[in-house]
>>> print(open('upload_18.cif').read())   # mmCIF, N, CA and C atoms
data_my_file
loop_
_atom_site.label_atom_id
_atom_site.label_comp_id
_atom_site.auth_asym_id
_atom_site.auth_seq_id
_atom_site.Cartn_x
_atom_site.Cartn_y
_atom_site.Cartn_z
N MET O 4 128.42 140.01 144.26
CA MET O 4 128.69 138.59 144.37
C MET O 4 129.48 138.35 145.66
N ASN O 5 129.09 137.34 146.41
CA ASN O 5 129.79 137.06 147.67
C ASN O 5 131.15 136.40 147.38
N PRO O 6 132.07 136.45 148.33
CA PRO O 6 133.42 135.94 148.09
C PRO O 6 133.46 134.46 147.69
N MET O 7 132.59 133.66 148.28
CA MET O 7 132.57 132.23 147.93
C MET O 7 132.13 132.03 146.48
N ALA O 8 131.12 132.76 146.05
CA ALA O 8 130.65 132.67 144.67
C ALA O 8 131.71 133.16 143.70
N GLU O 9 132.43 134.22 144.07
CA GLU O 9 133.51 134.73 143.23
C GLU O 9 134.61 133.69 143.08
N GLN O 10 134.95 133.04 144.18
CA GLN O 10 135.99 132.01 144.15
C GLN O 10 135.56 130.84 143.28
N GLU O 11 134.30 130.43 143.40
CA GLU O 11 133.79 129.33 142.59
C GLU O 11 133.78 129.70 141.11
N ALA O 12 133.37 130.91 140.79
CA ALA O 12 133.36 131.37 139.40
C ALA O 12 134.78 131.39 138.83
N GLY O 13 135.73 131.83 139.64
CA GLY O 13 137.13 131.84 139.21
C GLY O 13 137.66 130.44 138.95
N LEU O 14 137.30 129.51 139.81
CA LEU O 14 137.72 128.12 139.64
C LEU O 14 137.14 127.54 138.36
N ARG O 15 135.86 127.78 138.11
CA ARG O 15 135.23 127.29 136.88
C ARG O 15 135.93 127.85 135.65
N ARG O 16 136.24 129.15 135.70
CA ARG O 16 136.91 129.81 134.58
C ARG O 16 138.29 129.19 134.36
N ASP O 17 139.04 128.95 135.44
CA ASP O 17 140.36 128.36 135.32
C ASP O 17 140.29 126.94 134.76
N LEU O 18 139.33 126.15 135.22
CA LEU O 18 139.18 124.79 134.71
C LEU O 18 138.80 124.80 133.23
N HIS O 19 137.96 125.75 132.84
CA HIS O 19 137.60 125.88 131.43
C HIS O 19 138.85 126.20 130.59
N ARG O 20 139.66 127.12 131.07
CA ARG O 20 140.88 127.49 130.34
C ARG O 20 141.83 126.31 130.22
N ILE O 21 141.98 125.55 131.30
CA ILE O 21 142.86 124.37 131.26
C ILE O 21 142.32 123.36 130.26
N ARG O 22 141.02 123.10 130.29
CA ARG O 22 140.41 122.14 129.36
C ARG O 22 140.66 122.59 127.91
N CYS O 23 140.49 123.86 127.66
CA CYS O 23 140.72 124.40 126.31
C CYS O 23 142.19 124.26 125.92
N PHE O 24 143.09 124.56 126.85
CA PHE O 24 144.52 124.44 126.57
C PHE O 24 144.88 123.00 126.21
N VAL O 25 144.36 122.05 126.95
CA VAL O 25 144.62 120.64 126.67
C VAL O 25 144.17 120.30 125.25
N ARG O 26 143.01 120.78 124.84
CA ARG O 26 142.52 120.50 123.48
C ARG O 26 143.40 121.15 122.42
N VAL O 27 143.88 122.36 122.69
CA VAL O 27 144.77 123.02 121.73
C VAL O 27 146.04 122.19 121.55
N VAL O 28 146.64 121.75 122.64
CA VAL O 28 147.86 120.95 122.54
C VAL O 28 147.57 119.64 121.82
N GLU O 29 146.47 118.99 122.14
CA GLU O 29 146.16 117.70 121.52
C GLU O 29 145.87 117.82 120.03
N THR O 30 145.25 118.91 119.60
CA THR O 30 144.95 119.08 118.18
C THR O 30 146.09 119.75 117.42
N GLY O 31 146.98 120.43 118.16
CA GLY O 31 148.10 121.11 117.53
C GLY O 31 147.73 122.42 116.87
N SER O 32 146.52 122.90 117.14
CA SER O 32 146.05 124.11 116.48
C SER O 32 144.92 124.75 117.26
N ILE O 33 145.00 126.06 117.42
CA ILE O 33 143.90 126.79 118.07
C ILE O 33 142.64 126.69 117.20
N ASN O 34 142.82 126.79 115.89
CA ASN O 34 141.68 126.73 114.98
C ASN O 34 140.97 125.37 115.06
N ARG O 35 141.74 124.27 114.99
CA ARG O 35 141.14 122.93 115.07
C ARG O 35 140.50 122.70 116.44
N ALA O 36 141.16 123.16 117.50
CA ALA O 36 140.60 123.00 118.85
C ALA O 36 139.30 123.78 118.98
N ALA O 37 139.26 124.99 118.40
CA ALA O 37 138.04 125.80 118.46
C ALA O 37 136.89 125.07 117.78
N ARG O 38 137.15 124.49 116.62
CA ARG O 38 136.09 123.73 115.93
C ARG O 38 135.63 122.55 116.78
N ARG O 39 136.57 121.83 117.37
CA ARG O 39 136.23 120.67 118.20
C ARG O 39 135.44 121.08 119.44
N LEU O 40 135.80 122.22 120.02
CA LEU O 40 135.12 122.70 121.22
C LEU O 40 133.83 123.45 120.92
N GLY O 41 133.63 123.81 119.66
CA GLY O 41 132.43 124.54 119.28
C GLY O 41 132.44 125.99 119.71
N VAL O 42 133.63 126.60 119.69
CA VAL O 42 133.76 128.01 120.05
C VAL O 42 134.46 128.75 118.91
N ALA O 43 134.36 130.07 118.93
CA ALA O 43 135.03 130.88 117.92
C ALA O 43 136.54 130.84 118.15
N GLN O 44 137.29 130.85 117.06
CA GLN O 44 138.75 130.83 117.15
C GLN O 44 139.26 132.04 117.93
N SER O 45 138.65 133.20 117.72
CA SER O 45 139.10 134.41 118.44
C SER O 45 138.87 134.28 119.95
N ALA O 46 137.75 133.65 120.33
CA ALA O 46 137.47 133.45 121.76
C ALA O 46 138.47 132.49 122.37
N LEU O 47 138.84 131.44 121.64
CA LEU O 47 139.81 130.48 122.16
C LEU O 47 141.19 131.12 122.24
N SER O 48 141.56 131.93 121.26
CA SER O 48 142.85 132.64 121.31
C SER O 48 142.91 133.54 122.54
N ARG O 49 141.83 134.25 122.79
CA ARG O 49 141.76 135.13 123.97
C ARG O 49 141.88 134.30 125.25
N CYS O 50 141.20 133.17 125.29
CA CYS O 50 141.25 132.27 126.44
C CYS O 50 142.69 131.81 126.70
N MET O 51 143.43 131.48 125.63
CA MET O 51 144.81 131.03 125.78
C MET O 51 145.71 132.18 126.27
N ARG O 52 145.48 133.39 125.79
CA ARG O 52 146.24 134.55 126.27
C ARG O 52 145.98 134.78 127.76
N GLU O 53 144.71 134.66 128.17
CA GLU O 53 144.36 134.84 129.58
C GLU O 53 145.03 133.78 130.45
N LEU O 54 145.07 132.54 129.96
CA LEU O 54 145.72 131.47 130.70
C LEU O 54 147.22 131.77 130.85
N GLU O 55 147.85 132.21 129.76
CA GLU O 55 149.26 132.55 129.82
C GLU O 55 149.51 133.71 130.79
N LEU O 56 148.62 134.69 130.78
CA LEU O 56 148.76 135.81 131.73
C LEU O 56 148.63 135.33 133.17
N SER O 57 147.71 134.41 133.41
CA SER O 57 147.52 133.93 134.78
C SER O 57 148.74 133.15 135.26
N PHE O 58 149.43 132.44 134.36
CA PHE O 58 150.64 131.72 134.72
C PHE O 58 151.88 132.63 134.68
N GLY O 59 151.76 133.74 133.94
CA GLY O 59 152.90 134.63 133.79
C GLY O 59 153.98 134.04 132.91
N LYS O 60 153.59 133.12 132.03
CA LYS O 60 154.55 132.44 131.14
C LYS O 60 153.89 132.16 129.80
N GLN O 61 154.71 132.12 128.75
CA GLN O 61 154.21 131.71 127.45
C GLN O 61 154.06 130.18 127.49
N LEU O 62 152.88 129.70 127.12
CA LEU O 62 152.61 128.27 127.16
C LEU O 62 152.57 127.66 125.77
N LEU O 63 152.30 128.49 124.75
CA LEU O 63 152.19 128.00 123.38
C LEU O 63 153.11 128.76 122.45
N ARG O 64 153.72 128.02 121.51
CA ARG O 64 154.40 128.63 120.37
C ARG O 64 153.41 128.64 119.25
N ARG O 65 153.07 129.82 118.76
CA ARG O 65 152.07 129.93 117.70
C ARG O 65 152.79 130.15 116.38
N GLY O 66 152.35 129.45 115.36
CA GLY O 66 152.96 129.60 114.04
C GLY O 66 151.92 129.39 112.96
N GLY O 67 152.33 129.57 111.73
CA GLY O 67 151.43 129.40 110.59
C GLY O 67 150.91 127.99 110.44
N ARG O 68 151.64 127.03 110.97
CA ARG O 68 151.23 125.62 110.84
C ARG O 68 150.61 125.07 112.11
N GLY O 69 150.32 125.93 113.07
CA GLY O 69 149.66 125.46 114.28
C GLY O 69 150.34 125.97 115.53
N SER O 70 150.03 125.31 116.63
CA SER O 70 150.56 125.70 117.95
C SER O 70 151.15 124.48 118.62
N SER O 71 152.23 124.71 119.34
CA SER O 71 152.84 123.63 120.11
C SER O 71 153.22 124.18 121.48
N PRO O 72 153.26 123.31 122.48
CA PRO O 72 153.55 123.79 123.83
C PRO O 72 155.03 124.14 124.00
N THR O 73 155.29 125.18 124.77
CA THR O 73 156.64 125.49 125.21
C THR O 73 156.99 124.48 126.30
N LEU O 74 158.19 124.57 126.85
CA LEU O 74 158.56 123.68 127.95
C LEU O 74 157.60 123.86 129.12
N ASP O 75 157.31 125.12 129.47
CA ASP O 75 156.34 125.39 130.54
C ASP O 75 154.96 124.88 130.13
N GLY O 76 154.61 125.08 128.87
CA GLY O 76 153.31 124.62 128.38
C GLY O 76 153.17 123.12 128.45
N HIS O 77 154.25 122.41 128.20
CA HIS O 77 154.21 120.95 128.28
C HIS O 77 153.93 120.50 129.72
N ARG O 78 154.53 121.18 130.67
CA ARG O 78 154.29 120.85 132.09
C ARG O 78 152.84 121.13 132.46
N VAL O 79 152.32 122.28 132.00
CA VAL O 79 150.91 122.61 132.27
C VAL O 79 150.00 121.60 131.57
N TYR O 80 150.35 121.20 130.35
CA TYR O 80 149.55 120.23 129.61
C TYR O 80 149.46 118.91 130.37
N GLU O 81 150.59 118.40 130.84
CA GLU O 81 150.59 117.11 131.54
C GLU O 81 149.70 117.16 132.78
N ALA O 82 149.82 118.22 133.56
CA ALA O 82 148.97 118.36 134.75
C ALA O 82 147.51 118.58 134.33
N GLY O 83 147.30 119.40 133.32
CA GLY O 83 145.95 119.69 132.84
C GLY O 83 145.26 118.48 132.27
N ARG O 84 146.01 117.65 131.56
CA ARG O 84 145.44 116.43 130.98
C ARG O 84 144.91 115.52 132.08
N ARG O 85 145.68 115.40 133.16
CA ARG O 85 145.22 114.58 134.29
C ARG O 85 143.98 115.19 134.92
N MET O 86 143.95 116.51 135.03
CA MET O 86 142.78 117.19 135.60
C MET O 86 141.55 116.96 134.73
N VAL O 87 141.71 117.09 133.42
CA VAL O 87 140.59 116.90 132.50
C VAL O 87 140.08 115.46 132.59
N GLN O 88 140.99 114.50 132.62
CA GLN O 88 140.58 113.10 132.75
C GLN O 88 139.81 112.88 134.05
N ALA O 89 140.29 113.46 135.14
CA ALA O 89 139.60 113.32 136.43
C ALA O 89 138.22 113.97 136.39
N MET O 90 138.13 115.14 135.76
CA MET O 90 136.82 115.81 135.65
C MET O 90 135.86 114.98 134.81
N GLU O 91 136.35 114.44 133.69
CA GLU O 91 135.49 113.64 132.83
C GLU O 91 135.03 112.38 133.56
N TRP O 92 135.91 111.76 134.33
CA TRP O 92 135.54 110.58 135.11
C TRP O 92 134.48 110.94 136.14
N ALA O 93 134.69 112.05 136.85
CA ALA O 93 133.72 112.49 137.87
C ALA O 93 132.37 112.81 137.24
N GLU O 94 132.37 113.47 136.09
CA GLU O 94 131.12 113.78 135.41
C GLU O 94 130.39 112.50 134.99
N SER O 95 131.14 111.52 134.52
CA SER O 95 130.55 110.24 134.13
C SER O 95 129.94 109.53 135.34
N GLU O 96 130.67 109.51 136.43
CA GLU O 96 130.16 108.88 137.66
C GLU O 96 128.89 109.59 138.14
N TYR O 97 128.89 110.90 138.08
CA TYR O 97 127.73 111.69 138.51
C TYR O 97 126.52 111.36 137.64
N ARG O 98 126.73 111.30 136.32
CA ARG O 98 125.62 110.96 135.41
C ARG O 98 125.07 109.56 135.70
N GLN O 99 125.97 108.63 135.98
CA GLN O 99 125.52 107.27 136.30
C GLN O 99 124.70 107.27 137.58
N LEU O 100 125.11 108.04 138.57
CA LEU O 100 124.34 108.12 139.81
C LEU O 100 122.95 108.70 139.56
N LEU O 101 122.86 109.70 138.70
CA LEU O 101 121.56 110.29 138.40
C LEU O 101 120.65 109.32 137.67
N ASP O 102 121.24 108.42 136.88
CA ASP O 102 120.45 107.46 136.11
C ASP O 102 119.97 106.28 136.95
N GLN O 103 120.58 106.06 138.12
CA GLN O 103 120.19 104.92 138.95
C GLN O 103 118.94 105.27 139.74
N PRO O 104 118.03 104.30 139.91
CA PRO O 104 116.85 104.57 140.72
C PRO O 104 117.26 104.80 142.18
N ALA O 105 116.51 105.64 142.84
CA ALA O 105 116.80 105.96 144.24
C ALA O 105 116.59 104.71 145.09
N GLN O 106 117.47 104.51 146.04
CA GLN O 106 117.36 103.36 146.93
C GLN O 106 116.92 103.85 148.30
N ALA O 107 115.98 103.12 148.88
CA ALA O 107 115.51 103.48 150.22
C ALA O 107 116.62 103.19 151.21
N PRO O 108 116.77 104.05 152.20
CA PRO O 108 117.80 103.77 153.23
C PRO O 108 117.46 102.46 153.93
N SER O 109 118.49 101.70 154.25
CA SER O 109 118.24 100.42 154.92
C SER O 109 117.71 100.68 156.33
N GLU O 110 116.83 99.82 156.71
CA GLU O 110 116.27 99.95 158.05
C GLU O 110 117.31 99.51 159.06
N GLN O 111 117.44 100.28 160.10
CA GLN O 111 118.40 99.93 161.14
C GLN O 111 117.73 99.01 162.14
N ALA O 112 118.48 98.10 162.64
CA ALA O 112 117.95 97.20 163.66
C ALA O 112 117.61 98.01 164.92
N ARG O 113 116.42 97.74 165.46
CA ARG O 113 116.02 98.43 166.68
C ARG O 113 116.43 97.62 167.89
N PRO O 114 116.91 98.31 168.89
CA PRO O 114 117.30 97.57 170.10
C PRO O 114 116.08 96.90 170.71
N GLY O 115 116.20 95.67 171.14
CA GLY O 115 115.06 94.92 171.65
C GLY O 115 114.99 94.86 173.06
#
>>> encode(input="upload_18.cif", output="structure tokens")
Amino acid sequence: MNPMAEQEAGLRRDLHRIRCFVRVVETGSINRAARRLGVAQSALSRCMRELELSFGKQLLRRGGRGSSPTLDGHRVYEAGRRMVQAMEWAESEYRQLLDQPAQAPSEQARPG
């Protein structure tokens, strides 16, 4: 894989992890977030561990009644929530552009 493709794959992976983290915080549970995201709970738990390793900090307090963000996790959540909203907006705009009929480029006036 070339360096640019590796970088792009890493970015996609990081964005996926952030999106998953945001859902965990919003649902208060890895299990509930996994159901909402349509992934296995074990895969989501692994994803959260990988995210914590990449930050080098614990982001979630895990307990029998669910998960809640640590102080560092809350900071990551706030930034991640804005990122997820921006991604969702961009995806919506992109879909709208695809649904619009193609427009012919306007003819430029020719010098006379």
>>> select_by_dssp(input="upload_18.cif", residues="chain O", states="helix (DSSP H, G or I)", output="NGL selection string")
:O and (6-30 or 33-40 or 44-58 or 74-102)
>>> atom_distance(input="upload_18.cif", atom1="atom CA of O:Gln88", atom2="atom N of O:Phe24")
13.1 Å
>>> atom_distance(input="upload_18.cif", atom1="atom CA of O:Gln44", atom2="atom CA of O:Arg22")
15.1 Å
>>> select_by_dssp(input="upload_18.cif", residues="chain O", states="strand (DSSP E)", output="PyMOL selection string")
chain O and resi 63-66+69-72
>>> residues_around(input="upload_18.cif", residues="O:Pro72", least_positions_apart="4", cutoff="7 Å", atoms="all atoms listed in the file", output="MDAnalysis selection string")
chainID O and resid 28 62:64 76:77
>>> write_last_selection(input="upload_18.cif", atoms="N, CA and C atoms", output="PDB file, in the coordinates of the input")
ATOM      1  N   VAL O  28     146.640 121.750 122.640  1.00  0.00           N
ATOM      2  CA  VAL O  28     147.860 120.950 122.540  1.00  0.00           C
ATOM      3  C   VAL O  28     147.570 119.640 121.820  1.00  0.00           C
ATOM      4  N   LEU O  62     152.880 129.700 127.120  1.00  0.00           N
ATOM      5  CA  LEU O  62     152.610 128.270 127.160  1.00  0.00           C
ATOM      6  C   LEU O  62     152.570 127.660 125.770  1.00  0.00           C
ATOM      7  N   LEU O  63     152.300 128.490 124.750  1.00  0.00           N
ATOM      8  CA  LEU O  63     152.190 128.000 123.380  1.00  0.00           C
ATOM      9  C   LEU O  63     153.110 128.760 122.450  1.00  0.00           C
ATOM     10  N   ARG O  64     153.720 128.020 121.510  1.00  0.00           N
ATOM     11  CA  ARG O  64     154.400 128.630 120.370  1.00  0.00           C
ATOM     12  C   ARG O  64     153.410 128.640 119.250  1.00  0.00           C
ATOM     13  N   GLY O  76     154.610 125.080 128.870  1.00  0.00           N
ATOM     14  CA  GLY O  76     153.310 124.620 128.380  1.00  0.00           C
ATOM     15  C   GLY O  76     153.170 123.120 128.450  1.00  0.00           C
ATOM     16  N   HIS O  77     154.250 122.410 128.200  1.00  0.00           N
ATOM     17  CA  HIS O  77     154.210 120.950 128.280  1.00  0.00           C
ATOM     18  C   HIS O  77     153.930 120.500 129.720  1.00  0.00           C
TER      19      HIS O  77
END
>>> atom_distance(input="upload_18.cif", atom1="atom CA of O:Gln99", atom2="atom CA of O:His19")
22.7 Å
>>> closest_residue(input="upload_18.cif", among="O:Ala46, O:Trp92, O:Arg52, O:Gly69", to="O:Ser32", atoms="only N, CA and C atoms")
O:Gly69
>>> closest_residue(input="upload_18.cif", among="O:Ser57, O:Met51, O:Asn5, O:Ser70", to="O:Thr30", atoms="all atoms listed in the file")
O:Ser70
>>> closest_residue(input="upload_18.cif", among="O:Arg38, O:Arg20, O:Glu11, O:Glu96", to="O:Leu56", atoms="only C-alpha atoms")
O:Arg20
>>> decode(input="upload_18.cif", residues="stretch 8-115 of chain O", atoms="C-alpha atoms", output="mmCIF file, in the first residue's frame")
data_model
loop_
_atom_site.group_PDB
_atom_site.id
_atom_site.type_symbol
_atom_site.label_atom_id
_atom_site.label_comp_id
_atom_site.auth_asym_id
_atom_site.auth_seq_id
_atom_site.Cartn_x
_atom_site.Cartn_y
_atom_site.Cartn_z
ATOM 1 C CA ALA O 8 -3.405 5.178 0.813
ATOM 2 C CA GLU O 9 -2.076 4.157 4.232
ATOM 3 C CA GLN O 10 -2.663 7.659 5.558
ATOM 4 C CA GLU O 11 -6.198 7.709 4.148
ATOM 5 C CA ALA O 12 -6.975 4.287 5.637
ATOM 6 C CA GLY O 13 -5.682 5.480 9.013
ATOM 7 C CA LEU O 14 -7.839 8.590 8.854
ATOM 8 C CA ARG O 15 -10.938 6.535 8.026
ATOM 9 C CA ARG O 16 -10.183 4.196 10.919
ATOM 10 C CA ASP O 17 -9.732 7.131 13.324
ATOM 11 C CA LEU O 18 -12.968 8.774 12.189
ATOM 12 C CA HIS O 19 -14.801 5.474 12.638
ATOM 13 C CA ARG O 20 -13.437 5.155 16.177
ATOM 14 C CA ILE O 21 -14.455 8.716 17.033
ATOM 15 C CA ARG O 22 -17.962 8.148 15.637
ATOM 16 C CA CYS O 23 -18.274 4.974 17.712
ATOM 17 C CA PHE O 24 -16.986 6.739 20.835
ATOM 18 C CA VAL O 25 -19.566 9.508 20.411
ATOM 19 C CA ARG O 26 -22.339 6.892 20.209
ATOM 20 C CA VAL O 27 -21.061 5.112 23.326
ATOM 21 C CA VAL O 28 -21.101 8.358 25.306
ATOM 22 C CA GLU O 29 -24.542 9.331 23.974
ATOM 23 C CA THR O 30 -26.099 5.950 24.800
ATOM 24 C CA GLY O 31 -24.188 5.523 28.063
ATOM 25 C CA SER O 32 -23.358 1.938 27.206
ATOM 26 C CA ILE O 33 -21.062 0.019 24.884
ATOM 27 C CA ASN O 34 -23.751 -2.642 24.544
ATOM 28 C CA ARG O 35 -26.515 -0.158 23.577
ATOM 29 C CA ALA O 36 -24.157 1.686 21.219
ATOM 30 C CA ALA O 37 -23.182 -1.605 19.563
ATOM 31 C CA ARG O 38 -26.846 -2.425 18.930
ATOM 32 C CA ARG O 39 -27.475 1.067 17.534
ATOM 33 C CA LEU O 40 -24.396 0.867 15.296
ATOM 34 C CA GLY O 41 -25.147 -2.690 14.201
ATOM 35 C CA VAL O 42 -21.826 -4.116 15.372
ATOM 36 C CA ALA O 43 -20.837 -6.780 17.875
ATOM 37 C CA GLN O 44 -20.298 -5.571 21.436
ATOM 38 C CA SER O 45 -16.854 -7.206 21.510
ATOM 39 C CA ALA O 46 -15.829 -5.365 18.325
ATOM 40 C CA LEU O 47 -16.978 -2.039 19.764
ATOM 41 C CA SER O 48 -15.144 -2.712 23.046
ATOM 42 C CA ARG O 49 -11.975 -3.437 21.073
ATOM 43 C CA CYS O 50 -12.513 -0.249 19.042
ATOM 44 C CA MET O 51 -12.793 1.788 22.274
ATOM 45 C CA ARG O 52 -9.593 0.220 23.666
ATOM 46 C CA GLU O 53 -7.770 1.070 20.423
ATOM 47 C CA LEU O 54 -9.014 4.662 20.612
ATOM 48 C CA GLU O 55 -7.814 4.935 24.211
ATOM 49 C CA LEU O 56 -4.430 3.508 23.207
ATOM 50 C CA SER O 57 -4.117 6.013 20.379
ATOM 51 C CA PHE O 58 -4.807 8.884 22.811
ATOM 52 C CA GLY O 59 -2.720 7.301 25.561
ATOM 53 C CA LYS O 60 -5.506 8.046 28.044
ATOM 54 C CA GLN O 61 -8.525 6.334 29.535
ATOM 55 C CA LEU O 62 -11.593 7.887 27.903
ATOM 56 C CA LEU O 63 -14.368 5.760 29.420
ATOM 57 C CA ARG O 64 -15.245 4.579 32.912
ATOM 58 C CA ARG O 65 -16.746 1.146 32.431
ATOM 59 C CA GLY O 66 -19.107 -0.309 34.996
ATOM 60 C CA GLY O 67 -21.932 -2.775 35.416
ATOM 61 C CA ARG O 68 -24.480 -0.070 34.662
ATOM 62 C CA GLY O 69 -22.803 1.306 31.562
ATOM 63 C CA SER O 70 -19.987 3.595 30.504
ATOM 64 C CA SER O 71 -19.377 7.264 31.113
ATOM 65 C CA PRO O 72 -16.633 9.557 29.856
ATOM 66 C CA THR O 73 -13.652 10.485 32.003
ATOM 67 C CA LEU O 74 -12.590 14.135 32.032
ATOM 68 C CA ASP O 75 -10.336 13.440 29.036
ATOM 69 C CA GLY O 76 -13.156 11.442 27.452
ATOM 70 C CA HIS O 77 -15.540 14.352 27.821
ATOM 71 C CA ARG O 78 -13.099 16.607 25.953
ATOM 72 C CA VAL O 79 -12.720 14.015 23.190
ATOM 73 C CA TYR O 80 -16.517 13.592 23.084
ATOM 74 C CA GLU O 81 -17.144 17.322 22.621
ATOM 75 C CA ALA O 82 -14.645 17.560 19.762
ATOM 76 C CA GLY O 83 -15.821 14.235 18.308
ATOM 77 C CA ARG O 84 -19.472 15.253 18.421
ATOM 78 C CA ARG O 85 -18.678 18.331 16.345
ATOM 79 C CA MET O 86 -16.688 16.178 13.903
ATOM 80 C CA VAL O 87 -19.547 13.678 13.569
ATOM 81 C CA GLN O 88 -22.052 16.491 12.978
ATOM 82 C CA ALA O 89 -19.778 17.993 10.306
ATOM 83 C CA MET O 90 -19.334 14.596 8.626
ATOM 84 C CA GLU O 91 -23.082 13.951 8.651
ATOM 85 C CA TRP O 92 -23.734 17.408 7.177
ATOM 86 C CA ALA O 93 -21.113 16.840 4.458
ATOM 87 C CA GLU O 94 -22.563 13.411 3.631
ATOM 88 C CA SER O 95 -26.043 14.929 3.375
ATOM 89 C CA GLU O 96 -24.805 17.704 1.084
ATOM 90 C CA TYR O 97 -22.985 15.163 -1.080
ATOM 91 C CA ARG O 98 -26.116 13.007 -1.405
ATOM 92 C CA GLN O 99 -28.153 16.061 -2.377
ATOM 93 C CA LEU O 100 -25.612 16.936 -5.066
ATOM 94 C CA LEU O 101 -25.806 13.408 -6.458
ATOM 95 C CA ASP O 102 -29.603 13.623 -6.595
ATOM 96 C CA GLN O 103 -29.612 16.896 -8.559
ATOM 97 C CA PRO O 104 -29.660 16.701 -12.350
ATOM 98 C CA ALA O 105 -26.408 17.694 -14.007
ATOM 99 C CA GLN O 106 -26.321 21.279 -15.200
ATOM 100 C CA ALA O 107 -24.620 22.252 -18.426
ATOM 101 C CA PRO O 108 -21.799 24.733 -17.960
ATOM 102 C CA SER O 109 -22.923 28.236 -18.842
ATOM 103 C CA GLU O 110 -21.772 29.480 -22.168
ATOM 104 C CA GLN O 111 -19.162 32.164 -21.906
ATOM 105 C CA ALA O 112 -19.565 35.310 -23.900
ATOM 106 C CA ARG O 113 -17.290 35.313 -26.931
ATOM 107 C CA PRO O 114 -15.295 38.406 -27.663
ATOM 108 C CA GLY O 115 -16.790 40.170 -30.679
#
